[in-house]
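Visitor: Pasting final_11.csv here (CSV, C-alpha atoms):
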```
chain,number,residue,atom,x,y,z
H,1,MET,CA,11.4,-19.4,14.2
H,2,THR,CA,10.1,-16.2,15.8
H,3,SER,CA,11.1,-12.6,15.6
H,4,HIS,CA,10.0,-9.5,17.5
H,5,LEU,CA,10.0,-5.8,16.8
H,6,ARG,CA,8.8,-2.9,18.9
H,7,ILE,CA,8.0,0.5,17.2
H,8,GLN,CA,6.7,3.9,18.2
H,9,CYS,CA,3.4,5.0,16.7
H,10,SER,CA,4.8,7.1,13.9
H,11,ARG,CA,4.1,6.4,10.2
H,12,LYS,CA,7.8,7.1,9.6
H,13,ASN,CA,8.4,3.7,11.2
H,14,LEU,CA,6.4,1.8,8.5
H,15,GLN,CA,9.6,1.3,6.5
H,16,GLU,CA,11.3,-0.4,9.5
H,17,VAL,CA,8.2,-2.7,9.8
H,18,ARG,CA,8.4,-3.7,6.1
H,19,ASP,CA,12.1,-4.3,6.3
H,20,PHE,CA,11.6,-6.5,9.3
H,21,VAL,CA,8.9,-8.6,7.7
H,22,ARG,CA,10.9,-8.9,4.4
H,23,ALA,CA,14.1,-10.0,6.1
H,24,PHE,CA,12.2,-12.6,8.1
H,25,LEU,CA,10.4,-14.1,5.0
H,26,LEU,CA,13.2,-13.7,2.4
H,27,ALA,CA,15.3,-16.1,4.5
H,28,GLY,CA,13.1,-18.9,3.2
H,29,ARG,CA,13.4,-18.7,-0.6
H,30,ARG,CA,9.9,-17.4,-1.2
H,31,SER,CA,8.6,-15.6,-4.2
H,32,GLU,CA,8.9,-11.9,-4.3
H,33,VAL,CA,5.2,-11.5,-5.0
H,34,LEU,CA,4.2,-13.6,-2.0
H,35,VAL,CA,6.6,-11.9,0.3
H,36,ASN,CA,5.4,-8.5,-0.9
H,37,GLN,CA,1.8,-9.5,-0.2
H,38,ILE,CA,2.5,-10.4,3.4
H,39,VAL,CA,4.6,-7.3,3.9
H,40,LEU,CA,1.7,-5.3,2.5
H,41,ALA,CA,-0.9,-7.0,4.9
H,42,VAL,CA,1.3,-6.2,7.9
H,43,ASP,CA,2.0,-2.7,6.8
H,44,GLU,CA,-1.7,-2.0,6.3
H,45,VAL,CA,-2.6,-3.2,9.8
H,46,VAL,CA,0.3,-1.4,11.4
H,47,ALA,CA,-0.6,1.8,9.5
H,48,ASN,CA,-4.2,1.5,10.8
H,49,PHE,CA,-3.0,1.1,14.4
H,50,ILE,CA,-0.7,4.1,14.1
H,51,ILE,CA,-3.0,6.5,12.3
H,52,HIS,CA,-6.5,5.5,13.5
H,53,GLY,CA,-5.8,3.6,16.7
H,54,ASN,CA,-3.3,5.9,18.2
H,55,GLY,CA,-3.7,9.2,16.3
H,56,GLU,CA,0.1,9.1,15.4
H,57,ASN,CA,1.1,9.6,19.0
H,58,ALA,CA,4.8,8.6,19.0
H,59,GLU,CA,4.7,8.1,22.8
H,60,GLN,CA,2.6,5.0,22.1
H,61,PHE,CA,4.1,1.8,20.7
H,62,LEU,CA,3.3,-1.5,19.0
H,63,ASP,CA,4.8,-4.9,19.3
H,64,LEU,CA,5.1,-7.2,16.3
H,65,VAL,CA,5.8,-10.9,16.6
H,66,LEU,CA,6.3,-13.1,13.5
H,67,ALA,CA,6.3,-16.9,14.0
H,68,LEU,CA,6.9,-19.5,11.3
H,69,THR,CA,6.0,-23.1,12.0
H,70,GLU,CA,5.8,-25.8,9.4
H,71,GLN,CA,4.9,-23.5,6.5
H,72,ARG,CA,2.4,-21.4,8.4
H,73,LEU,CA,3.1,-17.8,9.2
H,74,ASP,CA,1.5,-16.2,12.3
H,75,VAL,CA,1.7,-12.5,12.9
H,76,GLU,CA,0.7,-10.8,16.1
H,77,ILE,CA,0.5,-7.0,16.3
H,78,GLU,CA,-0.2,-5.7,19.8
H,79,ASP,CA,-1.3,-2.2,20.4
H,80,HIS,CA,-0.3,-0.7,23.8
H,81,GLY,CA,-2.7,2.3,23.5
H,82,HIS,CA,-5.7,2.7,25.8
H,83,THR,CA,-8.3,2.6,23.0
H,84,ILE,CA,-9.7,-0.7,21.8
H,85,PHE,CA,-9.3,-0.5,18.0
H,86,ALA,CA,-11.0,-3.1,15.9
H,87,PRO,CA,-11.7,-2.2,12.3
H,88,SER,CA,-14.1,-4.4,10.3
H,89,VAL,CA,-12.4,-7.5,9.1
H,90,VAL,CA,-15.3,-8.9,7.2
H,91,ALA,CA,-13.7,-8.8,3.7
H,92,PRO,CA,-15.3,-5.7,2.2
H,93,ASP,CA,-15.7,-5.8,-1.6
H,94,PRO,CA,-15.0,-2.2,-2.5
H,95,ASP,CA,-16.6,-1.0,-5.8
H,96,MET,CA,-13.4,0.4,-7.3
H,97,ARG,CA,-15.2,2.1,-10.1
H,98,GLU,CA,-17.3,4.0,-7.5
H,99,TYR,CA,-14.1,4.8,-5.5
H,100,ILE,CA,-12.6,6.3,-8.7
H,101,ARG,CA,-15.7,8.3,-9.5
H,102,GLN,CA,-15.8,9.7,-5.9
H,103,GLY,CA,-12.0,10.3,-5.8
H,104,ARG,CA,-11.7,8.3,-2.6
H,105,LYS,CA,-8.3,8.0,-1.0
H,106,GLY,CA,-9.0,5.5,1.7
H,107,GLY,CA,-11.0,2.4,2.6
H,108,MET,CA,-9.0,-0.2,0.7
H,109,GLY,CA,-6.4,-1.3,3.3
H,110,MET,CA,-8.5,-3.9,5.2
H,111,ALA,CA,-9.8,-5.2,1.9
H,112,LEU,CA,-6.2,-5.9,0.8
H,113,VAL,CA,-5.5,-7.6,4.2
H,114,SER,CA,-8.5,-9.8,4.0
H,115,ARG,CA,-7.8,-10.9,0.5
H,116,ILE,CA,-4.1,-11.7,1.2
H,117,MET,CA,-4.2,-13.4,4.6
H,118,ASP,CA,-6.1,-16.7,5.4
H,119,GLN,CA,-7.1,-15.4,8.9
H,120,VAL,CA,-7.6,-11.9,10.2
H,121,GLU,CA,-8.9,-11.3,13.7
H,122,PHE,CA,-8.8,-8.4,16.2
H,123,PHE,CA,-9.3,-9.2,19.9
H,124,GLU,CA,-8.8,-7.6,23.3
H,125,ARG,CA,-6.0,-8.8,25.7
H,126,ASN,CA,-5.2,-7.0,29.0
H,127,ALA,CA,-7.2,-4.0,27.9
H,128,HIS,CA,-5.1,-3.7,24.7
H,129,THR,CA,-6.0,-4.5,21.1
H,130,VAL,CA,-4.3,-7.4,19.4
H,131,CYS,CA,-4.4,-8.3,15.7
H,132,HIS,CA,-3.6,-11.8,14.6
H,133,LEU,CA,-2.9,-12.6,11.0
H,134,SER,CA,-2.1,-16.0,9.6
H,135,LYS,CA,-1.3,-17.6,6.2
H,136,ALA,CA,-0.3,-21.0,5.0
H,137,LEU,CA,2.9,-20.7,3.0
H,138,GLY,CA,3.2,-24.3,1.7
N,1,MET,CA,10.2,8.1,-2.0
N,2,LYS,CA,11.5,10.4,-4.7
N,3,VAL,CA,9.4,11.8,-7.5
N,4,THR,CA,11.1,13.5,-10.5
N,5,THR,CA,9.2,15.0,-13.5
N,6,HIS,CA,10.1,15.4,-17.1
N,7,ALA,CA,7.9,17.3,-19.6
N,8,ALA,CA,8.1,16.9,-23.3
N,9,ALA,CA,5.5,18.4,-25.7
N,10,ASP,CA,2.0,17.4,-24.4
N,11,THR,CA,3.3,14.7,-22.0
N,12,LEU,CA,4.4,14.9,-18.4
N,13,THR,CA,6.4,11.9,-17.0
N,14,LEU,CA,6.6,11.3,-13.3
N,15,VAL,CA,9.5,8.9,-12.3
N,16,LEU,CA,8.8,7.2,-9.0
N,17,ASP,CA,11.7,5.9,-7.0
N,18,GLY,CA,11.3,4.0,-3.7
N,19,GLU,CA,8.4,2.8,-1.6
N,20,LEU,CA,5.0,4.5,-1.7
N,21,ASP,CA,3.2,4.1,1.7
N,22,ALA,CA,1.1,6.0,4.2
N,23,SER,CA,4.2,8.1,5.0
N,24,SER,CA,5.4,9.0,1.5
N,25,ALA,CA,2.1,9.2,-0.4
N,26,VAL,CA,1.9,12.9,0.5
N,27,VAL,CA,4.8,13.6,-1.8
N,28,LEU,CA,3.1,12.1,-4.8
N,29,ASP,CA,-0.2,13.6,-3.9
N,30,ALA,CA,1.4,17.1,-4.0
N,31,GLU,CA,2.7,16.4,-7.5
N,32,LEU,CA,-0.6,15.1,-8.9
N,33,ASN,CA,-2.4,18.0,-7.3
N,34,LYS,CA,-0.6,20.7,-9.3
N,35,PRO,CA,-3.0,22.6,-11.5
N,36,GLU,CA,-0.5,22.6,-14.4
N,37,LEU,CA,-1.0,18.9,-14.7
N,38,LEU,CA,-4.2,19.5,-16.5
N,39,ASN,CA,-2.4,21.3,-19.3
N,40,TYR,CA,-0.9,18.0,-20.6
N,41,HIS,CA,-2.7,15.4,-22.7
N,42,LYS,CA,-0.9,12.6,-21.0
N,43,VAL,CA,0.7,11.9,-17.6
N,44,LEU,CA,2.9,8.9,-17.6
N,45,ILE,CA,4.0,7.2,-14.4
N,46,ASP,CA,7.4,5.4,-14.7
N,47,CYS,CA,7.3,2.6,-12.1
N,48,GLN,CA,10.6,0.9,-12.8
N,49,ARG,CA,12.0,2.0,-9.5
N,50,LEU,CA,8.8,1.9,-7.6
N,51,SER,CA,9.5,-1.1,-5.3
N,52,TYR,CA,6.4,-1.0,-3.1
N,53,ILE,CA,2.9,0.4,-3.0
N,54,SER,CA,0.3,0.3,-0.2
N,55,SER,CA,-3.4,1.3,-0.2
N,56,ALA,CA,-2.3,4.8,0.7
N,57,GLY,CA,-0.3,4.9,-2.6
N,58,LEU,CA,-3.2,3.4,-4.6
N,59,GLY,CA,-5.5,6.0,-3.0
N,60,VAL,CA,-3.4,8.8,-4.4
N,61,PHE,CA,-3.9,7.6,-7.9
N,62,ILE,CA,-7.6,6.8,-7.4
N,63,SER,CA,-8.3,10.2,-5.9
N,64,HIS,CA,-6.9,12.0,-9.0
N,65,LEU,CA,-8.0,9.7,-11.8
N,66,GLN,CA,-11.5,11.1,-12.3
N,67,ARG,CA,-10.3,14.7,-12.3
N,68,LEU,CA,-7.7,13.9,-14.9
N,69,GLN,CA,-10.2,12.0,-17.0
N,70,ASP,CA,-12.7,14.8,-16.8
N,71,SER,CA,-10.0,17.1,-18.2
N,72,ASP,CA,-9.1,14.7,-21.0
N,73,VAL,CA,-5.7,13.9,-19.4
N,74,LYS,CA,-4.7,10.2,-19.8
N,75,LEU,CA,-2.9,8.6,-16.9
N,76,VAL,CA,-0.7,5.7,-18.0
N,77,PHE,CA,1.6,3.5,-15.9
N,78,PHE,CA,4.6,1.7,-17.4
N,79,ASN,CA,7.6,-0.4,-16.4
N,80,MET,CA,5.7,-1.8,-13.4
N,81,GLN,CA,7.4,-4.5,-11.3
N,82,GLU,CA,5.4,-7.7,-11.0
N,83,LYS,CA,5.0,-7.5,-7.2
N,84,VAL,CA,3.6,-3.9,-7.6
N,85,PHE,CA,1.3,-4.9,-10.4
N,86,ASN,CA,0.0,-7.7,-8.2
N,87,VAL,CA,-1.2,-5.2,-5.7
N,88,PHE,CA,-3.3,-3.4,-8.4
N,89,GLU,CA,-4.6,-6.9,-9.4
N,90,ILE,CA,-5.7,-7.8,-5.9
N,91,LEU,CA,-8.3,-4.9,-6.0
N,92,GLY,CA,-9.1,-5.3,-9.7
N,93,LEU,CA,-7.4,-1.9,-10.5
N,94,ASP,CA,-5.4,-3.4,-13.3
N,95,SER,CA,-8.5,-3.4,-15.4
N,96,LEU,CA,-9.6,0.1,-14.4
N,97,MET,CA,-6.3,1.8,-14.9
N,98,HIS,CA,-4.1,2.0,-18.0
N,99,ILE,CA,-1.0,0.0,-17.3
N,100,VAL,CA,1.4,-1.0,-20.1
N,101,PRO,CA,4.7,-2.8,-20.1
N,102,THR,CA,7.0,-0.3,-21.8
N,103,GLU,CA,7.6,3.4,-22.1
N,104,GLN,CA,7.1,3.1,-25.9
N,105,GLU,CA,3.6,1.7,-25.4
N,106,ALA,CA,2.9,4.4,-22.8
N,107,GLN,CA,3.9,7.1,-25.3
N,108,ALA,CA,1.7,5.5,-27.9
N,109,ALA,CA,-1.3,5.2,-25.6
```
Could you quickly redo this structure as structure tokens?
Guide:
Amino acid sequence: MTSHLRIQCSRKNLQEVRDFVRAFLLAGRRSEVLVNQIVLAVDEVVANFIIHGNGENAEQFLDLVLALTEQRLDVEIEDHGHTIFAPSVVAPDPDMREYIRQGRKGGMGMALVSRIMDQVEFFERNAHTVCHLSKALG
Amino acid sequence: MKVTTHAAADTLTLVLDGELDASSAVVLDAELNKPELLNYHKVLIDCQRLSYISSAGLGVFISHLQRLQDSDVKLVFFNMQEKVFNVFEILGLDSLMHIVPTEQEAQAA
């Protein structure tokens, strides 16, 4: 089973992305917590592409493909912008006490993605950045 | 994302309704940034209708927590859905923030 969505690079489209992932996963009787985790991981990567990769330029767009095969979910997010964008995917271990002390707002998104998904990789294809996420659902 | 506030004595309650993400976090940030917040002893966050939180939403709370603590204002969350609580757990924030099951416990905190 596969499903595809194209969105413009505006953070207003994050809701559409989450609704798309939720609808795809909730068709399979999965727990709300698990579905929410995966929705969160995709939302975080897409938000990074929109805000940091494309500077919220709504003329740019992203393609999302969800594929489910034998209890494994694969997600591919392709950025069509001209800048190669690859945030660190080495699971950072943020010191949350220090974040609170400093009043930091950001820097947690990729930590969440790394902790939720089994595999997280960014690579270049046809001069565009692609993010591949996967997770066993069995 | 809709934020409504109720003040009673020394407590301000913020009722969150909807999804808190990189688009809507600015609404909550504006509420928590109001100087009058520091006039209360407690700020309670009613999460019953908060159906989603991303790192941007967590970041709003993290960015204000120290300022509130420095002013002796307690920040207490209650009525949090399991899937939202799980996001706090993933980063270990459930042990660093005050989260209780019910409004009664939040009032007593």
Visitor: With distances taken over all atoms listed in the file, which residue among N:Ser55, N:Ser71, N:Gln66, N:Gln81 lies nearest Met97 (chain N)?
Guide: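 Between N:Ser55, N:Ser71, N:Gln66, N:Gln81, the residue approaching Met97 (chain N) most closely is N:Gln66.
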Visitor: Starting from the point (10.1, 1.1, 5.3), work out which residues of protein, DNA or RNA have an atom no more than 10 Å away when counting only C-alpha atoms; state them as a list in words.
Guide: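 Residues lying no farther than 10 Å from the given point: Arg11, Lys12, Asn13, Leu14, Gln15, Glu16, Val17, Arg18, Asp19, Phe20 and Asp43 of chain H; Gly18, Glu19, Leu20, Asp21, Ser23, Ser24 and Tyr52 of chain N.
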Visitor: CA of Phe123 (chain H) and CA of Phe85 (chain H) are how many Å apart?
Guide: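 CA of Phe123 (chain H) sits 8.9 Å away from CA of Phe85 (chain H).
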Visitor: Could you list as a list in words every residue that has an atom within 8 Å of (-3.1, -8.6, 17.6), using the file's coordinates and counting all atoms listed in the file?
Guide: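 The distance filter leaves exactly Val75, Glu76, Ile77, Glu78, Asp79, Glu121, Phe122, Phe123, Thr129, Val130, Cys131, His132 and Leu133 of chain H.
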Visitor: Gly109 (chain H): which residues within 9 Å, counting only C-alpha atoms, same-chain residues fewer than 3 positions away excluded, as JSON, numbers by chain?
Guide: {"H": [41, 44, 45, 48, 106, 112, 113, 114], "N": [54, 55, 56]}
Visitor: Using CA of Asp93 (chain H) and CA of Met108 (chain H) as the two end points, give the distance in Å to one decimal.
Guide: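 Spanning CA of Asp93 (chain H) to CA of Met108 (chain H) is a straight-line distance of 9.0 Å.
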Visitor: Have a look at CA of Lys2 (chain N) and CA of Val21 (chain H) and let me know their distance in Å, one decimal.
Guide: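 Here the two named atoms are 22.8 Å from each other.
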Visitor: Could you list, as an mmCIF file with C-alpha atoms, in the frame of the given file, the residues of chain N having an atom within 12 Å of chain H when counting all atoms listed in the file?
Guide:
```cif
data_model
loop_
_atom_site.group_PDB
_atom_site.id
_atom_site.type_symbol
_atom_site.label_atom_id
_atom_site.label_comp_id
_atom_site.auth_asym_id
_atom_site.auth_seq_id
_atom_site.Cartn_x
_atom_site.Cartn_y
_atom_site.Cartn_z
ATOM 1 C CA MET N 1 10.200 8.100 -2.000
ATOM 2 C CA GLY N 18 11.300 4.000 -3.700
ATOM 3 C CA GLU N 19 8.400 2.800 -1.600
ATOM 4 C CA LEU N 20 5.000 4.500 -1.700
ATOM 5 C CA ASP N 21 3.200 4.100 1.700
ATOM 6 C CA ALA N 22 1.100 6.000 4.200
ATOM 7 C CA SER N 23 4.200 8.100 5.000
ATOM 8 C CA SER N 24 5.400 9.000 1.500
ATOM 9 C CA ALA N 25 2.100 9.200 -0.400
ATOM 10 C CA VAL N 26 1.900 12.900 0.500
ATOM 11 C CA ASP N 29 -0.200 13.600 -3.900
ATOM 12 C CA SER N 51 9.500 -1.100 -5.300
ATOM 13 C CA TYR N 52 6.400 -1.000 -3.100
ATOM 14 C CA ILE N 53 2.900 0.400 -3.000
ATOM 15 C CA SER N 54 0.300 0.300 -0.200
ATOM 16 C CA SER N 55 -3.400 1.300 -0.200
ATOM 17 C CA ALA N 56 -2.300 4.800 0.700
ATOM 18 C CA GLY N 57 -0.300 4.900 -2.600
ATOM 19 C CA LEU N 58 -3.200 3.400 -4.600
ATOM 20 C CA GLY N 59 -5.500 6.000 -3.000
ATOM 21 C CA VAL N 60 -3.400 8.800 -4.400
ATOM 22 C CA PHE N 61 -3.900 7.600 -7.900
ATOM 23 C CA ILE N 62 -7.600 6.800 -7.400
ATOM 24 C CA SER N 63 -8.300 10.200 -5.900
ATOM 25 C CA HIS N 64 -6.900 12.000 -9.000
ATOM 26 C CA LEU N 65 -8.000 9.700 -11.800
ATOM 27 C CA GLN N 66 -11.500 11.100 -12.300
ATOM 28 C CA ARG N 67 -10.300 14.700 -12.300
ATOM 29 C CA LEU N 68 -7.700 13.900 -14.900
ATOM 30 C CA GLN N 69 -10.200 12.000 -17.000
ATOM 31 C CA ASP N 70 -12.700 14.800 -16.800
ATOM 32 C CA GLN N 81 7.400 -4.500 -11.300
ATOM 33 C CA GLU N 82 5.400 -7.700 -11.000
ATOM 34 C CA LYS N 83 5.000 -7.500 -7.200
ATOM 35 C CA VAL N 84 3.600 -3.900 -7.600
ATOM 36 C CA PHE N 85 1.300 -4.900 -10.400
ATOM 37 C CA ASN N 86 0.000 -7.700 -8.200
ATOM 38 C CA VAL N 87 -1.200 -5.200 -5.700
ATOM 39 C CA PHE N 88 -3.300 -3.400 -8.400
ATOM 40 C CA GLU N 89 -4.600 -6.900 -9.400
ATOM 41 C CA ILE N 90 -5.700 -7.800 -5.900
ATOM 42 C CA LEU N 91 -8.300 -4.900 -6.000
ATOM 43 C CA GLY N 92 -9.100 -5.300 -9.700
ATOM 44 C CA LEU N 93 -7.400 -1.900 -10.500
ATOM 45 C CA ASP N 94 -5.400 -3.400 -13.300
ATOM 46 C CA SER N 95 -8.500 -3.400 -15.400
ATOM 47 C CA LEU N 96 -9.600 0.100 -14.400
ATOM 48 C CA MET N 97 -6.300 1.800 -14.900
#
```
Visitor: Take region 6-20 of chain H from the preceding structure and save C-alpha atoms as a PDB file, in the first residue's frame.
Guide:
```pdb
ATOM      1  CA  ARG H   6       2.656  17.039  -2.550  1.00  0.00           C
ATOM      2  CA  ILE H   7       2.689  20.231  -0.463  1.00  0.00           C
ATOM      3  CA  GLN H   8       4.002  23.750  -0.860  1.00  0.00           C
ATOM      4  CA  CYS H   9       6.695  24.859   1.582  1.00  0.00           C
ATOM      5  CA  SER H  10       4.508  26.718   4.053  1.00  0.00           C
ATOM      6  CA  ARG H  11       4.228  25.731   7.705  1.00  0.00           C
ATOM      7  CA  LYS H  12       0.451  26.146   7.318  1.00  0.00           C
ATOM      8  CA  ASN H  13       0.556  22.846   5.399  1.00  0.00           C
ATOM      9  CA  LEU H  14       1.865  20.849   8.374  1.00  0.00           C
ATOM     10  CA  GLN H  15      -1.724  20.059   9.388  1.00  0.00           C
ATOM     11  CA  GLU H  16      -2.380  18.521   5.960  1.00  0.00           C
ATOM     12  CA  VAL H  17       0.777  16.404   6.317  1.00  0.00           C
ATOM     13  CA  ARG H  18      -0.297  15.097   9.720  1.00  0.00           C
ATOM     14  CA  ASP H  19      -3.831  14.349   8.523  1.00  0.00           C
ATOM     15  CA  PHE H  20      -2.362  12.461   5.549  1.00  0.00           C
TER      16      PHE H  20
END
```
